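**Q** Below you will find the structure I want to go over with you.
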Amino acid sequence: MNPEAVDGRTARREKSRQQIIDAMVELVTDGKHDPTAENVARIAGVTMRTVFRHFEDMDSLYREIIVDIETQTEALRVPFDPDRDWRPQFDELVLRRTGIFEKLMSQILWTQSSRYKSEVVDTDVQKYAKRMRQSLRRTLPGHFVADVEAFSAVEAMLSSEIWIRLRRDQRLSVKRATGVIQKATAAILKDSGL
């Protein structure tokens with residue numbers, strides 16, 4: 001068999017797969033919270049058969065939304081530097097998280113609504129939250145992290161759920177919503193002697 005023919009098929013297969021993923025992300029980003037395989041196939045310009053040739057079921061396609069969120073989040077993450085003061089790093093973490101939440105709000109809303117319909121999405125959301133929690137733990141001083149209530153309060157304030165409430169329910173601007181989170185986390189830290 002001609003190696004170029006195999007490479008061409010592989011390239012076409014990967015292109016189709018990426019078109020399907022891009023279609024799913026596009027639908028979710030546009031606010032379609034219950035995209036069907038038919039919707040995905042139509043937007044991707046492929047057949048339903050092609051969708052299910054690449055993805056065993058909708059759950060495996062849903063996982064791609066979580067992967068997209070994680071990829072974008074990772075690109076914005078700054079590793080904690082133990083040689084620097086924790087406070088400016090925490091302040092940077094707050095700004096980056098709110099930026100991530102704003103940029104990915106449609107996808108985050110989709111994950112929140114889908115986690116109750118899909119065990120796969122729920123599991124992936126829990127894993128994502130655990131990684132976000134670990135990142136926060138590495139940033140804050142150990143004695144603060146040991147204070148379960150105080151740490152949990154800061155973690156809650158830095159959650160996508162709070163961001164969505166501030167932006168969508170209370171209709172605050174990005175600047176004001178960020179200010180609320182900064183003020184609330186500063187008060188929790190101050191109350192704990194930091």
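Residue names in the structure tokens use chain letters A, B, ... in the order shown, residue numbers from 1 in each chain, and ligand numbers from 1 in the order shown.
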Can you pull out the residues contacting stretch 36-42 of chain A? Cut-off 10 Å, using only C-alpha atoms, and skip same-chain residues under 6 positions away; I want them as a ChimeraX atom specification.

**A** /A:19-27,48-52,57-58,61

**Q** Sort by chain and increasing residue number a table of all residues of stretch 43-64 of chain A within 8 Å of stretch 115-127 of chain A, each with its closest pair of atoms and their distance in Å to one decimal, counting only C-alpha atoms, and write it as CSV.

**A**
```
residue,atom,partner,partner_atom,distance
A:Asp59,CA,A:Val120,CA,6.2
A:Tyr62,CA,A:Val121,CA,6.9
A:Arg63,CA,A:Val121,CA,6.5
```

**Q** Go ahead and dump the residues you just picked, N, CA and C atoms, as an mmCIF file, in the first residue's frame.

**A**
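Saved the output as part.cif:
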```cif
data_model
loop_
_atom_site.group_PDB
_atom_site.id
_atom_site.type_symbol
_atom_site.label_atom_id
_atom_site.label_comp_id
_atom_site.auth_asym_id
_atom_site.auth_seq_id
_atom_site.Cartn_x
_atom_site.Cartn_y
_atom_site.Cartn_z
ATOM 1 N N ASP A 59 -21.456 10.858 25.127
ATOM 2 C CA ASP A 59 -20.618 11.124 26.294
ATOM 3 C C ASP A 59 -19.154 11.295 25.908
ATOM 4 N N TYR A 62 -18.976 14.645 24.531
ATOM 5 C CA TYR A 62 -19.091 15.630 25.598
ATOM 6 C C TYR A 62 -17.753 15.842 26.301
ATOM 7 N N ARG A 63 -17.020 14.765 26.461
ATOM 8 C CA ARG A 63 -15.721 14.850 27.139
ATOM 9 C C ARG A 63 -14.815 15.871 26.437
#
```

**Q** Env of A:Arg87: 10 Å cut, atoms = only C-alpha atoms, seq-sep filter 2 positions within chain, self excluded. Answer as a PyMOL selection string.

**A** chain A and resi 84-85+89-93+139-141+194

**Q** Go through A:Lys183, A:Arg137, A:His143, A:Lys175 one by one, measure the shortest atom-to-atom distance of each to A:Met157 using only C-alpha atoms, and give the residue with the smallest value.

**A**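 Going through A:Lys183, A:Arg137, A:His143, A:Lys175 one by one, the smallest distance to A:Met157 is for A:Lys183.
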
**Q** Of the residues A:Asp191, A:Ser159, A:Glu14, A:Arg96, which is the one nearest to A:Pro79, using only C-alpha atoms?

**A**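 Among A:Asp191, A:Ser159, A:Glu14, A:Arg96, it is A:Arg96 that comes nearest to A:Pro79.
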
**Q** Looking only at alpha helix (DSSP H) from DSSP on the backbone, list the matching residues of stretch 96-180 of chain A as a PyMOL selection string.

**A** chain A and resi 96-103+105-114+119-139+142-146+148-157+160-164+174-180

**Q** For A:Leu95, please output as an MDAnalysis selection string all residues within 12 Å (counting only C-alpha atoms; exclusion window: fewer than 3 positions along the same chain).

**A** chainID A and resid 76:78 88:92 98:102 158 163 174:175 177:182

**Q** Write the residues you've just listed into a file as a PDB file, in the first residue's frame, and include C-alpha atoms for each of them.

**A**
```pdb
ATOM      1  CA  LEU A  76      -3.685  30.633  31.432  1.00  0.00           C
ATOM      2  CA  ARG A  77      -2.376  28.953  34.569  1.00  0.00           C
ATOM      3  CA  VAL A  78       0.761  30.318  36.205  1.00  0.00           C
ATOM      4  CA  PRO A  88       0.742  38.648  44.531  1.00  0.00           C
ATOM      5  CA  GLN A  89       0.494  35.113  43.159  1.00  0.00           C
ATOM      6  CA  PHE A  90      -2.920  34.711  44.766  1.00  0.00           C
ATOM      7  CA  ASP A  91      -4.045  38.065  43.334  1.00  0.00           C
ATOM      8  CA  GLU A  92      -2.900  36.888  39.895  1.00  0.00           C
ATOM      9  CA  THR A  98     -12.213  35.294  36.552  1.00  0.00           C
ATOM     10  CA  GLY A  99     -10.782  35.749  33.057  1.00  0.00           C
ATOM     11  CA  ILE A 100     -11.128  32.035  32.368  1.00  0.00           C
ATOM     12  CA  PHE A 101     -14.683  31.978  33.696  1.00  0.00           C
ATOM     13  CA  GLU A 102     -15.653  34.950  31.557  1.00  0.00           C
ATOM     14  CA  LEU A 158     -13.332  31.519  43.246  1.00  0.00           C
ATOM     15  CA  TRP A 163     -18.881  34.091  38.677  1.00  0.00           C
ATOM     16  CA  VAL A 174     -16.692  42.038  34.451  1.00  0.00           C
ATOM     17  CA  LYS A 175     -14.903  44.765  36.402  1.00  0.00           C
ATOM     18  CA  ALA A 177     -17.828  41.070  39.415  1.00  0.00           C
ATOM     19  CA  THR A 178     -14.044  40.790  39.678  1.00  0.00           C
ATOM     20  CA  GLY A 179     -14.096  43.503  42.357  1.00  0.00           C
ATOM     21  CA  VAL A 180     -16.706  41.592  44.370  1.00  0.00           C
ATOM     22  CA  ILE A 181     -14.576  38.454  44.296  1.00  0.00           C
ATOM     23  CA  GLN A 182     -11.414  40.376  45.207  1.00  0.00           C
TER      24      GLN A 182
END
```

**Q** With only C-alpha atoms as the atoms that count, which of A:Thr111, A:Thr73, A:Ser60, A:Thr10 lies nearest to A:Thr29?

**A**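 That would be A:Thr111, the residue with the smallest distance to A:Thr29.
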
**Q** With only C-alpha atoms as the basis for distance, which of A:Val28, A:Leu189, A:Glu70, A:Val154 is at the shortest distance from A:Tyr128?

**A**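 The shortest atom-to-atom distance to A:Tyr128 comes from A:Glu70.
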
**Q** Counting only C-alpha atoms, figure out which residue out of A:Ser173, A:Arg165, A:Ala187, A:Asp68 gets nearest to A:Gln18.

**A** A:Asp68

**Q** Extract, using only C-alpha atoms, all DNA, RNA and protein residues at most 9 Å from A:Leu109, discarding same-chain residues fewer than 5 positions from it, and format them as an mmCIF file with N, CA and C atoms, in the first residue's frame.

**A**
```
data_model
loop_
_atom_site.group_PDB
_atom_site.id
_atom_site.type_symbol
_atom_site.label_atom_id
_atom_site.label_comp_id
_atom_site.auth_asym_id
_atom_site.auth_seq_id
_atom_site.Cartn_x
_atom_site.Cartn_y
_atom_site.Cartn_z
ATOM 1 N N VAL A 28 -22.047 24.573 21.793
ATOM 2 C CA VAL A 28 -22.085 24.874 23.224
ATOM 3 C C VAL A 28 -21.773 26.346 23.477
ATOM 4 N N GLY A 31 -24.562 28.627 23.055
ATOM 5 C CA GLY A 31 -25.653 28.495 24.012
ATOM 6 C C GLY A 31 -26.562 27.302 23.803
ATOM 7 N N HIS A 33 -27.421 24.096 24.814
ATOM 8 C CA HIS A 33 -27.042 23.291 25.974
ATOM 9 C C HIS A 33 -27.413 21.821 25.869
ATOM 10 N N LEU A 104 -14.944 31.389 29.099
ATOM 11 C CA LEU A 104 -15.539 30.062 28.877
ATOM 12 C C LEU A 104 -16.938 29.932 29.491
ATOM 13 N N SER A 114 -25.215 19.883 32.055
ATOM 14 C CA SER A 114 -25.048 18.521 31.544
ATOM 15 C C SER A 114 -24.599 17.524 32.594
ATOM 16 N N SER A 160 -16.701 28.917 39.496
ATOM 17 C CA SER A 160 -17.420 29.383 38.306
ATOM 18 C C SER A 160 -18.882 29.678 38.641
ATOM 19 N N GLU A 161 -19.431 28.974 39.622
ATOM 20 C CA GLU A 161 -20.827 29.204 39.994
ATOM 21 C C GLU A 161 -21.028 30.630 40.522
ATOM 22 N N ILE A 164 -20.784 33.084 37.572
ATOM 23 C CA ILE A 164 -22.014 33.086 36.772
ATOM 24 C C ILE A 164 -23.125 33.838 37.508
#
```

**Q** Expressed in Å to a single decimal, how great is the separation between atom CA of A:Arg131 and atom CA of A:Glu74?

**A** 10.4 Å
